[in-house]
Structure formats: C-alpha cells, structure tokens
Amino acid sequence: MLRSIRTLAAAAAALALVCACNSAATPDTAPPGTSGGESRGVTADSIKVGGIVSMTTASGYSKKDTDLGARARYLRANAEGGVNGRKIDYLGAEDDGQDPAKNMAAARKLVQQDKVFAVSPMSSVTFSGADFLEQEKVPTFGWGTLPSFCGPKYIYGFNGCLVPSPGGTLNQTWPEGIGQVLGGAAGKSVAVIANDSDAGKFGIRTFQQGFASAGFTVSYARASVPATAVPSDWSAYVKEIMQSNGGKGPDAVVSVMQTPNNIGLFTALKRAGYKGLISDPTDYDPGLLAKDATKQALDGVHVLLQFEPFESDHPKMAQFKADIKAAAGGQDTPPLNMHMLTGYMSADLFLSIAQKAGKDLTVASFQTAAQGFSDTGTLVGDRAEPKGQKDSFGCGALVQLKDGAYRVSVPFKCHEPIPFS
C-alpha cells in the first residue's frame with residue numbers, strides 16, 4: 001500500500017551524531033543490508049522503499065513532484081504484479097528542506113527506523129546522507145547531478161554520473177546543443193554562472209571543460225551566487241557577465257542554478273540589454289507560466305533536458321503521461337515537469353535492476369544484477385551499469401520557452417561523452 005508523504009543543528013553536528021550512534025542504532029548481529037538474517041525491507045510479498053526530496057526550501061523552490069513521479073511508476077509496477085511477485089511498499093519521500101542535517105536525518109530514519117530496502121528517489125542539491133547509505137549498503141537512486149552519484153557502489157544516477165571525478169566522462173548534450181542553436185561553437189563565447197555551493201562548484205568545473213571542448217571560448221565561469229538566499233540586486237553579476245567577453249556580452253549565458261535565481265538573473269540581463277542566448281537546466285515546468293513576471297523572465301530561454309521532451313511522440317512518454325495521470329487521481333493532472341520525470345526514472349531504474357535480480361532478492365543479488373545491467377530505448381536513452389556510476393548515459397535535448405509554450409529547439413540525441421580531467 002502506498003502511504004502519505006511524511007515531513008521530517010548544523011550539518012556537522014548531525015554527522016557527528018551519526019558517527020556516534022550508528023553502532024547503537026543497528027544491532028551488532030545484523031550487518032549492513034540485513035535484518036535478522038533476512039534482507040532489510042524485503043518480505044515474501046513486498047519490498048519497502050522510501051525517498052528523500054527537497055519539498056520545501058527557504059527560497060520557495062520545490063522538488064515535491066519528484067515524489068509524485070516515483071509514486072506513479074511504483075503504482076504501475078504494482079498494478080502489473082510487482083517485482084517477481086512482490087509489491088512495492090512505497091513510504092513516500094522525506095522532506096530534507098535542502099538542508100544537509102535534514103538530509104542525513106532522513107537517510108538515517110529510512111534505514112534505521114523504517115528499514116527500507118532502497119531509497120528511490122533521492123533528489124536534493126545536498127546529499128550529506130550519501131556516505132551513510134553507502135556504508136549501510138542501501139541501493140539509492142536519483143538525479144546524478146551530485147558527486148556522490150559518481151563512484152559509490154550502491155548509489156545510482158538514473159541517467160548516469162553527471163559530475164565525474166578525473167577518469168570519468170562528461171555529457172556533451174548542453175555544449176553541443178547550444179552550439180547547434182548558435183550555428184556552431186567556433187568563435188562563440190559563453191559565460192557560466194552557478195551558486196556558491198558544492199554542486200555549483202562542480203557544475204562550473206564540468207561545464208567549463210565541456211564548453212571549451214566543444215569549441216567555445218569560456219569568457220566567464222564563477223560559482224559566486226549565494227546558495228542560501230536569492231540576491232535582491234543582480235547588477236554586480238550582470239556587469240561582470242556583460243564585460244566578460246573582451247568588454248562586451250558573451251554569445252551565451254548558461255546558468256547552473258534553480259528557478260528563483262534564474263528569474264532574477266535573466267530579468268536583470270534582459271533589462272541590461274543582453275540579446276544573446278540564455279540557457280539553464282531547471283526551468284522546464286509549465287507551472288512557471290502562471291505568473292506573467294516569471295513567463296517574461298524565462299521567455300526565450302533554452303532549457304537543457306536529459307530525457308525525452310514531454311512534446312516527444314516516444315511511446316514511453318505516452319506511458320509516463322498515463323502513469324502520472326493515474327497517480328494524480330485521473331483528473332486535473334498537474335502540469336508535467338522535470339521533477340516528475342526525475343522521480344519516475346529513478347524508480348524505473350530501481351525496478352528494472354530489482355526485476356533482473358530475481359525472486360531471491362537481497363542486497364547482494366541486487367548488486368550482482370546491477371553489475372551486468374543494460375537496456376535500450378528508455379526516456380533517458382540507453383542505460384548500463386556499472387558504467388552509469390562513472391559516466392553519464394550521454395543523451396539529452398533542448399527546449400525553448402517562446403510565447404508561453406515550450407518548443408523543442410534541439411531534438412533528443414545521444415552524444416559521445418568526453419574524458420573528464
């Protein structure tokens with residue numbers, strides 16, 4: 001049975017508390033991944049799964065529909081008989097409030113109190129619970145935009161690893177797509193801006209290399225925008241960007257930030273007379289069009305997608321839409337957004353590997369199945385593990401918001417990734 005979503009000091013204090021309490025919270029006779037000799041969260045007829053999602057944040061930005069997407073996929077799996085005869089007992093997602101301490105607390109609760117077999121989805125800009133989940137051998141699935149999705153054995157990005165360490169690869173969808181819109185990258189410049197956070201710094205590092213490898217001149221690349229509050233005055237950032245390309249504006253401005261920051265930055269850029277291409281990876285959400293100010297700020301923006309656009313005629317996109325409608329009660333389906341897809345595809349990858357693991361589902365059998373897993377033609381392209389724990393799946397598209405509607409500006413395509421150094 002599906003259950004309702006639950007709501008759950010400093011990050012360092014939380015980390016210290018976990019280190020001090022793990023041995024007391026977990027019986028000495030039960031190693032990680034087990035409980036009383038049986039696989040944790042697995043019974044004869046069910047598999048217990050939970051999620052961690054930033055549903056509420058200080059800026060008002062919310063990923064709450066990630067939970068709906070996961071719920072939709074689990075509902076269909078259960079309607080089709082479950083996974084090798086077991087139904088998914090989805091507990092819903094814990095709200096980490098985009099707070100590292102709450103992210104850790106949510107991970108501990110799901111494992112030590114709720115005793116889940118897996119965490120899917122995990123969607124936040126912070127993932128302080130990653131080391132704990134890895135230590136406890138909890139299969140965990142989410143959007144691979146954080147370093148913790150790249151390298152650990154038990155943590156999987158639904159579209160692979162997007163912020164690799166040296167030796168991995170970079171997804172070139174964004175640079176190649178923007179180059180296509182601009183008629184080529186040769187002689188073109190790009191400015192990349194991000195929040196002053198771990199995710200922002202990794203974003204700058206990876207995209208700076210990706211755009212340069214595609215042939216762009218990266219005239220500006222800074223993770224300088226406060227991560228905890230949206231600036232009320234964007235003039236300093238705009239001035240730096242507008243003068244970054246030899247005293248003039250770059251051909252493209254790429255924001256690796258969330259919607260509230262993008263609205264402020266893009267509005268200020270337009271008021272300053274910027275006429276170049278603007279792009280971000282987050283603002284593919286028809287719900288944003290309800291307010292005129294938001295619609296104007298995002299008008300003309302090209303949004304990076306790492307999945308088939310909702311406008312696609314792919315049969316699995318039709319299935320996704322039907323599943324979301326069913327999970328939403330069949331009436332007044334909420335506008336589709338990328339958070340729904342994040343939850344849906346996180347759940348889908350978990351289910352696909354669990355199915356391959358067979359009837360005798362344990363953490364060990366799940367991991368064995370993951371080591372040789374691959375499939376094709378999904379909404380994120382071709383998938384393979386453990387490749388995805390080091391590399392991205394290399395696919396994506398661009399859509400542009402124009403005159404109140406999204407249109408595909410660069411169709412979904414898989415690009416050859418490049419080595420990351």
# chains A, B, ... in the order shown; residues from 1 in each chain; ligands from 1

$ select_by_dssp --residues "region 10-194 of chain A" --states "strand (DSSP E)" --output "MDAnalysis selection string"
chainID A and resid 34:35 38:39 46:53 87:95 118:123 140:142 155:157 169:170 189:194

$ write_last_selection --atoms "C-alpha atoms" --output "PDB file, in the first residue's frame"
ATOM      1  CA  THR A  34      20.292  -7.205   6.583  1.00  0.00           C
ATOM      2  CA  SER A  35      17.890  -7.501   9.463  1.00  0.00           C
ATOM      3  CA  GLU A  38      16.676 -11.523   6.042  1.00  0.00           C
ATOM      4  CA  SER A  39      17.265  -8.772   3.513  1.00  0.00           C
ATOM      5  CA  SER A  46       6.676  -6.753  -0.524  1.00  0.00           C
ATOM      6  CA  ILE A  47       9.727  -4.530  -0.961  1.00  0.00           C
ATOM      7  CA  LYS A  48       9.884  -1.430   1.217  1.00  0.00           C
ATOM      8  CA  VAL A  49      11.197   1.720  -0.492  1.00  0.00           C
ATOM      9  CA  GLY A  50      11.406   5.355   0.630  1.00  0.00           C
ATOM     10  CA  GLY A  51      12.585   8.642  -0.833  1.00  0.00           C
ATOM     11  CA  ILE A  52      14.370  11.873   0.112  1.00  0.00           C
ATOM     12  CA  VAL A  53      13.226  15.033  -1.697  1.00  0.00           C
ATOM     13  CA  LYS A  87       4.584  -5.390  -4.442  1.00  0.00           C
ATOM     14  CA  ILE A  88       6.410  -2.124  -3.810  1.00  0.00           C
ATOM     15  CA  ASP A  89       5.591  -0.683  -0.388  1.00  0.00           C
ATOM     16  CA  TYR A  90       6.486   2.937  -1.131  1.00  0.00           C
ATOM     17  CA  LEU A  91       6.606   5.032   2.039  1.00  0.00           C
ATOM     18  CA  GLY A  92       6.730   8.331   0.179  1.00  0.00           C
ATOM     19  CA  ALA A  93       9.550  10.863   0.418  1.00  0.00           C
ATOM     20  CA  GLU A  94      11.077  12.523   3.455  1.00  0.00           C
ATOM     21  CA  ASP A  95      11.464  16.306   3.084  1.00  0.00           C
ATOM     22  CA  ALA A 118      16.172   1.062  -1.151  1.00  0.00           C
ATOM     23  CA  VAL A 119      15.988   4.856  -1.310  1.00  0.00           C
ATOM     24  CA  SER A 120      14.449   5.922  -4.609  1.00  0.00           C
ATOM     25  CA  PRO A 121      14.138   8.785  -5.369  1.00  0.00           C
ATOM     26  CA  MET A 122      16.810  10.974  -3.759  1.00  0.00           C
ATOM     27  CA  SER A 123      16.503  14.499  -5.176  1.00  0.00           C
ATOM     28  CA  THR A 140      19.896   4.565  -3.769  1.00  0.00           C
ATOM     29  CA  PHE A 141      18.646   6.221  -6.977  1.00  0.00           C
ATOM     30  CA  GLY A 142      18.314   9.839  -8.075  1.00  0.00           C
ATOM     31  CA  ILE A 155      24.309   4.830  -5.389  1.00  0.00           C
ATOM     32  CA  TYR A 156      22.967   5.209  -8.953  1.00  0.00           C
ATOM     33  CA  GLY A 157      22.042   8.171 -11.152  1.00  0.00           C
ATOM     34  CA  THR A 169      33.433  11.317 -18.784  1.00  0.00           C
ATOM     35  CA  LEU A 170      31.291  14.405 -19.406  1.00  0.00           C
ATOM     36  CA  SER A 189      31.815  32.759 -26.208  1.00  0.00           C
ATOM     37  CA  VAL A 190      29.862  31.519 -23.203  1.00  0.00           C
ATOM     38  CA  ALA A 191      29.519  32.673 -19.596  1.00  0.00           C
ATOM     39  CA  VAL A 192      28.700  30.053 -16.946  1.00  0.00           C
ATOM     40  CA  ILE A 193      27.368  31.090 -13.521  1.00  0.00           C
ATOM     41  CA  ALA A 194      26.402  28.978 -10.509  1.00  0.00           C
TER      42      ALA A 194
END

$ residues_around --residues "region 75-80 of chain A" --least-positions-apart "4" --cutoff "12 Å" --atoms "only C-alpha atoms" --output "PyMOL selection string"
chain A and resi 1-3+45-47+68-71+84-90+92+319-329+344+347-348+350-352+354-355

$ closest_atom_pairs --of "region 259-304 of chain A" --to "region 220-235 of chain A" --cutoff "8 Å" --atoms "only C-alpha atoms" --output "JSON lines"
{"residue": "A:Pro260", "atom": "CA", "partner": "A:Val230", "partner_atom": "CA", "distance": 6.8}
{"residue": "A:Asn261", "atom": "CA", "partner": "A:Val230", "partner_atom": "CA", "distance": 5.8}
{"residue": "A:Gly264", "atom": "CA", "partner": "A:Trp234", "partner_atom": "CA", "distance": 7.0}
{"residue": "A:Leu265", "atom": "CA", "partner": "A:Trp234", "partner_atom": "CA", "distance": 6.2}
{"residue": "A:Ala268", "atom": "CA", "partner": "A:Trp234", "partner_atom": "CA", "distance": 6.4}

$ write_last_selection --atoms "N, CA and C atoms" --output "compact mmCIF listing (two decimals), in the first residue's frame"
# COMPACT_ATOMS: atom_id res chain seq x y z
N PRO A 260 14.31 30.33 -8.81
CA PRO A 260 14.28 31.69 -8.24
C PRO A 260 15.50 32.52 -8.64
N ASN A 261 16.69 31.90 -8.64
CA ASN A 261 17.88 32.62 -9.06
C ASN A 261 17.83 32.94 -10.55
N GLY A 264 15.65 35.98 -11.35
CA GLY A 264 16.31 37.24 -11.02
C GLY A 264 17.41 37.59 -11.99
N LEU A 265 18.27 36.62 -12.30
CA LEU A 265 19.40 36.87 -13.19
C LEU A 265 18.93 37.19 -14.60
N ALA A 268 17.38 40.63 -14.95
CA ALA A 268 18.40 41.69 -14.89
C ALA A 268 19.21 41.73 -16.19

$ closest_atom_pairs --of "region 135-179 of chain A" --to "region 304-315 of chain A" --cutoff "10 Å" --atoms "only C-alpha atoms" --output "CSV"
residue,atom,partner,partner_atom,distance
A:Trp143,CA,A:Gln306,CA,9.9
A:Asn159,CA,A:Gln306,CA,7.4
A:Asn171,CA,A:Gln306,CA,9.5
A:Thr173,CA,A:Leu304,CA,8.0
A:Trp174,CA,A:Leu304,CA,6.3
A:Pro175,CA,A:Leu304,CA,9.9
A:Gly177,CA,A:Leu304,CA,8.5
A:Ile178,CA,A:Leu304,CA,9.3

$ closest_residue --among "A:Cys395, A:Ser365, A:Ser54, A:Thr333" --to "Leu379 (chain A)" --atoms "only C-alpha atoms"
A:Cys395

$ closest_residue --among "A:Lys64, A:Lys248, A:Lys201, A:Lys137" --to "Lys275 (chain A)" --atoms "only C-alpha atoms"
A:Lys248

$ closest_atom_pairs --of "region 55-110 of chain A" --to "region 282-289 of chain A" --cutoff "12 Å" --atoms "only C-alpha atoms" --output "JSON lines"
{"residue": "A:Tyr61", "atom": "CA", "partner": "A:Thr282", "partner_atom": "CA", "distance": 10.9}
{"residue": "A:Ser62", "atom": "CA", "partner": "A:Thr282", "partner_atom": "CA", "distance": 11.4}
{"residue": "A:Lys63", "atom": "CA", "partner": "A:Thr282", "partner_atom": "CA", "distance": 10.6}
{"residue": "A:Asp65", "atom": "CA", "partner": "A:Asp285", "partner_atom": "CA", "distance": 10.9}

$ write_last_selection --atoms "all heavy atoms" --output "PDB file, in the first residue's frame"
ATOM      1  N   TYR A  61      11.557  27.282  -3.753  1.00  0.00           N
ATOM      2  CA  TYR A  61      11.727  26.288  -4.818  1.00  0.00           C
ATOM      3  C   TYR A  61      11.417  24.907  -4.257  1.00  0.00           C
ATOM      4  O   TYR A  61      11.818  24.562  -3.153  1.00  0.00           O
ATOM      5  CB  TYR A  61      13.156  26.340  -5.343  1.00  0.00           C
ATOM      6  CG  TYR A  61      13.457  25.383  -6.474  1.00  0.00           C
ATOM      7  CD1 TYR A  61      12.973  25.617  -7.750  1.00  0.00           C
ATOM      8  CD2 TYR A  61      14.255  24.268  -6.259  1.00  0.00           C
ATOM      9  CE1 TYR A  61      13.268  24.759  -8.793  1.00  0.00           C
ATOM     10  CE2 TYR A  61      14.559  23.401  -7.301  1.00  0.00           C
ATOM     11  CZ  TYR A  61      14.063  23.648  -8.561  1.00  0.00           C
ATOM     12  OH  TYR A  61      14.366  22.786  -9.585  1.00  0.00           O
ATOM     13  N   SER A  62      10.701  24.094  -5.020  1.00  0.00           N
ATOM     14  CA  SER A  62      10.289  22.787  -4.521  1.00  0.00           C
ATOM     15  C   SER A  62      10.457  21.707  -5.580  1.00  0.00           C
ATOM     16  O   SER A  62      10.152  21.917  -6.754  1.00  0.00           O
ATOM     17  CB  SER A  62       8.823  22.831  -4.069  1.00  0.00           C
ATOM     18  OG  SER A  62       8.380  21.538  -3.708  1.00  0.00           O
ATOM     19  N   LYS A  63      10.924  20.555  -5.128  1.00  0.00           N
ATOM     20  CA  LYS A  63      11.023  19.376  -5.979  1.00  0.00           C
ATOM     21  C   LYS A  63       9.943  18.351  -5.616  1.00  0.00           C
ATOM     22  O   LYS A  63      10.078  17.158  -5.890  1.00  0.00           O
ATOM     23  CB  LYS A  63      12.402  18.728  -5.807  1.00  0.00           C
ATOM     24  CG  LYS A  63      13.588  19.580  -6.232  1.00  0.00           C
ATOM     25  CD  LYS A  63      14.908  18.890  -5.856  1.00  0.00           C
ATOM     26  CE  LYS A  63      16.117  19.685  -6.297  1.00  0.00           C
ATOM     27  NZ  LYS A  63      16.430  19.473  -7.706  1.00  0.00           N
ATOM     28  N   ASP A  65       7.202  17.328  -6.722  1.00  0.00           N
ATOM     29  CA  ASP A  65       6.615  16.443  -7.724  1.00  0.00           C
ATOM     30  C   ASP A  65       7.516  15.260  -8.064  1.00  0.00           C
ATOM     31  O   ASP A  65       7.100  14.343  -8.770  1.00  0.00           O
ATOM     32  CB  ASP A  65       6.275  17.228  -8.995  1.00  0.00           C
ATOM     33  CG  ASP A  65       5.024  18.067  -8.836  1.00  0.00           C
ATOM     34  OD1 ASP A  65       4.188  17.727  -7.977  1.00  0.00           O
ATOM     35  OD2 ASP A  65       4.869  19.069  -9.564  1.00  0.00           O
TER      36      ASP A  65
END

$ closest_residue --among "A:Ser197, A:Asn337, A:Ser219, A:Ser279" --to "Met242 (chain A)" --atoms "only C-alpha atoms"
A:Ser219

$ residues_around --residues "Pro386 (chain A)" --least-positions-apart "6" --cutoff "12 Å" --atoms "only C-alpha atoms" --output "PDB file with N, CA, C and O atoms, in the first residue's frame"
ATOM      1  N   PHE A 149      26.864  10.589  -6.623  1.00  0.00           N
ATOM      2  CA  PHE A 149      26.321   9.617  -7.564  1.00  0.00           C
ATOM      3  C   PHE A 149      27.405   9.045  -8.475  1.00  0.00           C
ATOM      4  O   PHE A 149      27.109   8.229  -9.347  1.00  0.00           O
ATOM      5  N   CYS A 150      28.628   9.458  -8.274  1.00  0.00           N
ATOM      6  CA  CYS A 150      29.733   9.066  -9.148  1.00  0.00           C
ATOM      7  C   CYS A 150      30.797   8.325  -8.364  1.00  0.00           C
ATOM      8  O   CYS A 150      31.604   8.959  -7.683  1.00  0.00           O
ATOM      9  N   GLY A 151      30.766   7.005  -8.393  1.00  0.00           N
ATOM     10  CA  GLY A 151      31.799   6.228  -7.744  1.00  0.00           C
ATOM     11  C   GLY A 151      31.325   5.222  -6.718  1.00  0.00           C
ATOM     12  O   GLY A 151      31.767   4.065  -6.745  1.00  0.00           O
ATOM     13  N   PRO A 152      30.442   5.600  -5.770  1.00  0.00           N
ATOM     14  CA  PRO A 152      29.991   4.629  -4.774  1.00  0.00           C
ATOM     15  C   PRO A 152      29.316   3.412  -5.409  1.00  0.00           C
ATOM     16  O   PRO A 152      28.726   3.502  -6.487  1.00  0.00           O
ATOM     17  N   LYS A 153      29.375   2.285  -4.722  1.00  0.00           N
ATOM     18  CA  LYS A 153      28.849   1.031  -5.274  1.00  0.00           C
ATOM     19  C   LYS A 153      27.329   0.947  -5.237  1.00  0.00           C
ATOM     20  O   LYS A 153      26.712   0.307  -6.085  1.00  0.00           O
ATOM     21  N   TYR A 154      26.711   1.594  -4.249  1.00  0.00           N
ATOM     22  CA  TYR A 154      25.279   1.388  -4.015  1.00  0.00           C
ATOM     23  C   TYR A 154      24.415   2.577  -4.429  1.00  0.00           C
ATOM     24  O   TYR A 154      23.209   2.566  -4.220  1.00  0.00           O
ATOM     25  N   ILE A 155      25.032   3.604  -5.027  1.00  0.00           N
ATOM     26  CA  ILE A 155      24.309   4.830  -5.389  1.00  0.00           C
ATOM     27  C   ILE A 155      24.321   4.998  -6.900  1.00  0.00           C
ATOM     28  O   ILE A 155      25.380   4.948  -7.532  1.00  0.00           O
ATOM     29  N   TYR A 156      23.125   5.208  -7.504  1.00  0.00           N
ATOM     30  CA  TYR A 156      22.967   5.209  -8.953  1.00  0.00           C
ATOM     31  C   TYR A 156      22.241   6.466  -9.434  1.00  0.00           C
ATOM     32  O   TYR A 156      21.207   6.844  -8.868  1.00  0.00           O
ATOM     33  N   GLY A 157      22.756   7.091 -10.488  1.00  0.00           N
ATOM     34  CA  GLY A 157      22.042   8.171 -11.152  1.00  0.00           C
ATOM     35  C   GLY A 157      21.160   7.598 -12.248  1.00  0.00           C
ATOM     36  O   GLY A 157      21.601   6.740 -13.022  1.00  0.00           O
ATOM     37  N   PHE A 158      19.915   8.050 -12.338  1.00  0.00           N
ATOM     38  CA  PHE A 158      19.014   7.463 -13.336  1.00  0.00           C
ATOM     39  C   PHE A 158      19.480   7.732 -14.762  1.00  0.00           C
ATOM     40  O   PHE A 158      19.085   7.029 -15.689  1.00  0.00           O
ATOM     41  N   ASN A 159      20.305   8.764 -14.948  1.00  0.00           N
ATOM     42  CA  ASN A 159      20.905   8.990 -16.273  1.00  0.00           C
ATOM     43  C   ASN A 159      22.429   8.973 -16.184  1.00  0.00           C
ATOM     44  O   ASN A 159      23.110   9.576 -16.993  1.00  0.00           O
ATOM     45  N   GLY A 160      22.921   8.257 -15.186  1.00  0.00           N
ATOM     46  CA  GLY A 160      24.352   8.096 -15.035  1.00  0.00           C
ATOM     47  C   GLY A 160      24.965   9.143 -14.135  1.00  0.00           C
ATOM     48  O   GLY A 160      24.279   9.850 -13.395  1.00  0.00           O
ATOM     49  N   CYS A 161      26.288   9.235 -14.197  1.00  0.00           N
ATOM     50  CA  CYS A 161      27.076  10.166 -13.387  1.00  0.00           C
ATOM     51  C   CYS A 161      27.312  11.434 -14.191  1.00  0.00           C
ATOM     52  O   CYS A 161      27.913  11.391 -15.263  1.00  0.00           O
ATOM     53  N   ILE A 353      16.421  -3.085 -12.288  1.00  0.00           N
ATOM     54  CA  ILE A 353      17.502  -3.896 -11.715  1.00  0.00           C
ATOM     55  C   ILE A 353      16.944  -4.928 -10.741  1.00  0.00           C
ATOM     56  O   ILE A 353      17.380  -6.096 -10.727  1.00  0.00           O
ATOM     57  N   GLN A 367      22.972  -6.175  -6.263  1.00  0.00           N
ATOM     58  CA  GLN A 367      24.232  -5.630  -6.754  1.00  0.00           C
ATOM     59  C   GLN A 367      24.812  -6.488  -7.878  1.00  0.00           C
ATOM     60  O   GLN A 367      25.387  -5.961  -8.840  1.00  0.00           O
ATOM     61  N   THR A 368      24.652  -7.784  -7.767  1.00  0.00           N
ATOM     62  CA  THR A 368      25.113  -8.670  -8.840  1.00  0.00           C
ATOM     63  C   THR A 368      24.355  -8.388 -10.126  1.00  0.00           C
ATOM     64  O   THR A 368      24.937  -8.313 -11.215  1.00  0.00           O
ATOM     65  N   ALA A 369      23.038  -8.193 -10.017  1.00  0.00           N
ATOM     66  CA  ALA A 369      22.226  -7.871 -11.188  1.00  0.00           C
ATOM     67  C   ALA A 369      22.641  -6.536 -11.791  1.00  0.00           C
ATOM     68  O   ALA A 369      22.691  -6.368 -13.015  1.00  0.00           O
ATOM     69  N   ALA A 370      22.964  -5.564 -10.935  1.00  0.00           N
ATOM     70  CA  ALA A 370      23.347  -4.232 -11.417  1.00  0.00           C
ATOM     71  C   ALA A 370      24.655  -4.279 -12.197  1.00  0.00           C
ATOM     72  O   ALA A 370      24.852  -3.496 -13.141  1.00  0.00           O
ATOM     73  N   GLN A 371      25.550  -5.165 -11.800  1.00  0.00           N
ATOM     74  CA  GLN A 371      26.862  -5.223 -12.437  1.00  0.00           C
ATOM     75  C   GLN A 371      26.795  -5.589 -13.913  1.00  0.00           C
ATOM     76  O   GLN A 371      27.677  -5.237 -14.686  1.00  0.00           O
ATOM     77  N   GLY A 372      25.758  -6.268 -14.319  1.00  0.00           N
ATOM     78  CA  GLY A 372      25.629  -6.631 -15.729  1.00  0.00           C
ATOM     79  C   GLY A 372      24.370  -6.093 -16.366  1.00  0.00           C
ATOM     80  O   GLY A 372      23.882  -6.627 -17.364  1.00  0.00           O
ATOM     81  N   PHE A 373      23.837  -4.987 -15.802  1.00  0.00           N
ATOM     82  CA  PHE A 373      22.547  -4.476 -16.281  1.00  0.00           C
ATOM     83  C   PHE A 373      22.712  -3.561 -17.491  1.00  0.00           C
ATOM     84  O   PHE A 373      23.616  -2.734 -17.549  1.00  0.00           O
ATOM     85  N   SER A 374      21.817  -3.708 -18.459  1.00  0.00           N
ATOM     86  CA  SER A 374      21.733  -2.751 -19.572  1.00  0.00           C
ATOM     87  C   SER A 374      20.361  -2.871 -20.216  1.00  0.00           C
ATOM     88  O   SER A 374      19.729  -3.934 -20.171  1.00  0.00           O
ATOM     89  N   SER A 392      28.055   9.431 -17.696  1.00  0.00           N
ATOM     90  CA  SER A 392      26.660   9.720 -17.998  1.00  0.00           C
ATOM     91  C   SER A 392      26.208   8.825 -19.152  1.00  0.00           C
ATOM     92  O   SER A 392      27.029   8.227 -19.839  1.00  0.00           O
ATOM     93  N   PHE A 393      24.899   8.747 -19.354  1.00  0.00           N
ATOM     94  CA  PHE A 393      24.383   7.990 -20.491  1.00  0.00           C
ATOM     95  C   PHE A 393      24.426   8.815 -21.773  1.00  0.00           C
ATOM     96  O   PHE A 393      24.102   8.321 -22.846  1.00  0.00           O
TER      97      PHE A 393
END

$ closest_residue --among "A:Met345, A:Ala186, A:Val83, A:Leu277" --to "Ala357 (chain A)" --atoms "only C-alpha atoms"
A:Val83

$ select_by_dssp --residues "region 64-274 of chain A" --states "alpha helix (DSSP H)" --output "ChimeraX atom specification"
/A:65-79,100-108,130-135,173-181,198-213,235-242,259-271

$ closest_residue --among "A:Gly129, A:Gly330, A:Gly144, A:Pro417" --to "Ala105 (chain A)" --atoms "only C-alpha atoms"
A:Gly129

$ closest_residue --among "A:Ile263, A:Val301, A:Val363, A:Val125" --to "Arg407 (chain A)" --atoms "only C-alpha atoms"
A:Val301

$ residues_around --residues "Asp99 (chain A)" --least-positions-apart "3" --cutoff "10 Å" --atoms "only C-alpha atoms" --output "compact mmCIF listing (two decimals) with N, CA and C atoms, in the first residue's frame"
# COMPACT_ATOMS: atom_id res chain seq x y z
N ALA A 10 23.07 21.80 13.07
CA ALA A 10 24.01 22.06 11.98
C ALA A 10 24.39 20.75 11.34
N ALA A 11 24.89 20.83 10.08
CA ALA A 11 25.24 19.62 9.36
C ALA A 11 26.38 18.89 10.07
N SER A 54 13.70 17.41 -1.66
CA SER A 54 13.57 18.78 -1.14
C SER A 54 12.20 19.33 -1.52
N THR A 56 10.33 21.44 0.51
CA THR A 56 10.24 22.82 0.96
C THR A 56 11.66 23.38 1.05
N THR A 57 11.84 24.65 0.67
CA THR A 57 13.14 25.28 0.75
C THR A 57 12.97 26.74 1.16
N ALA A 58 14.05 27.35 1.60
CA ALA A 58 13.99 28.74 2.04
C ALA A 58 13.61 29.67 0.89
N ASP A 95 11.10 14.96 3.52
CA ASP A 95 11.46 16.31 3.08
C ASP A 95 12.74 16.74 3.79
N ASP A 96 13.83 16.96 3.01
CA ASP A 96 15.07 17.38 3.65
C ASP A 96 15.21 18.90 3.70
N LYS A 102 19.15 17.76 7.69
CA LYS A 102 17.89 17.04 7.49
C LYS A 102 18.05 15.92 6.46
N ASN A 103 18.93 16.12 5.49
CA ASN A 103 19.18 15.06 4.52
C ASN A 103 19.77 13.84 5.23
N MET A 104 20.73 14.08 6.11
CA MET A 104 21.32 12.99 6.89
C MET A 104 20.28 12.34 7.79
N ALA A 105 19.48 13.16 8.47
CA ALA A 105 18.45 12.62 9.37
C ALA A 105 17.45 11.77 8.60
N SER A 124 17.87 16.28 -4.28
CA SER A 124 18.18 17.46 -3.49
C SER A 124 19.49 18.03 -4.01
N VAL A 125 19.80 19.28 -3.65
CA VAL A 125 21.11 19.83 -4.00
C VAL A 125 22.14 19.48 -2.93
N THR A 126 21.71 18.80 -1.87
CA THR A 126 22.63 18.34 -0.84
C THR A 126 22.43 16.85 -0.65
N PHE A 127 23.50 16.12 -0.39
CA PHE A 127 23.39 14.68 -0.20
C PHE A 127 24.36 14.25 0.90
N SER A 128 24.20 14.84 2.07
CA SER A 128 25.08 14.53 3.19
C SER A 128 24.86 13.12 3.71
N THR A 228 22.19 30.22 -0.18
CA THR A 228 21.15 30.19 0.86
C THR A 228 20.06 31.23 0.68
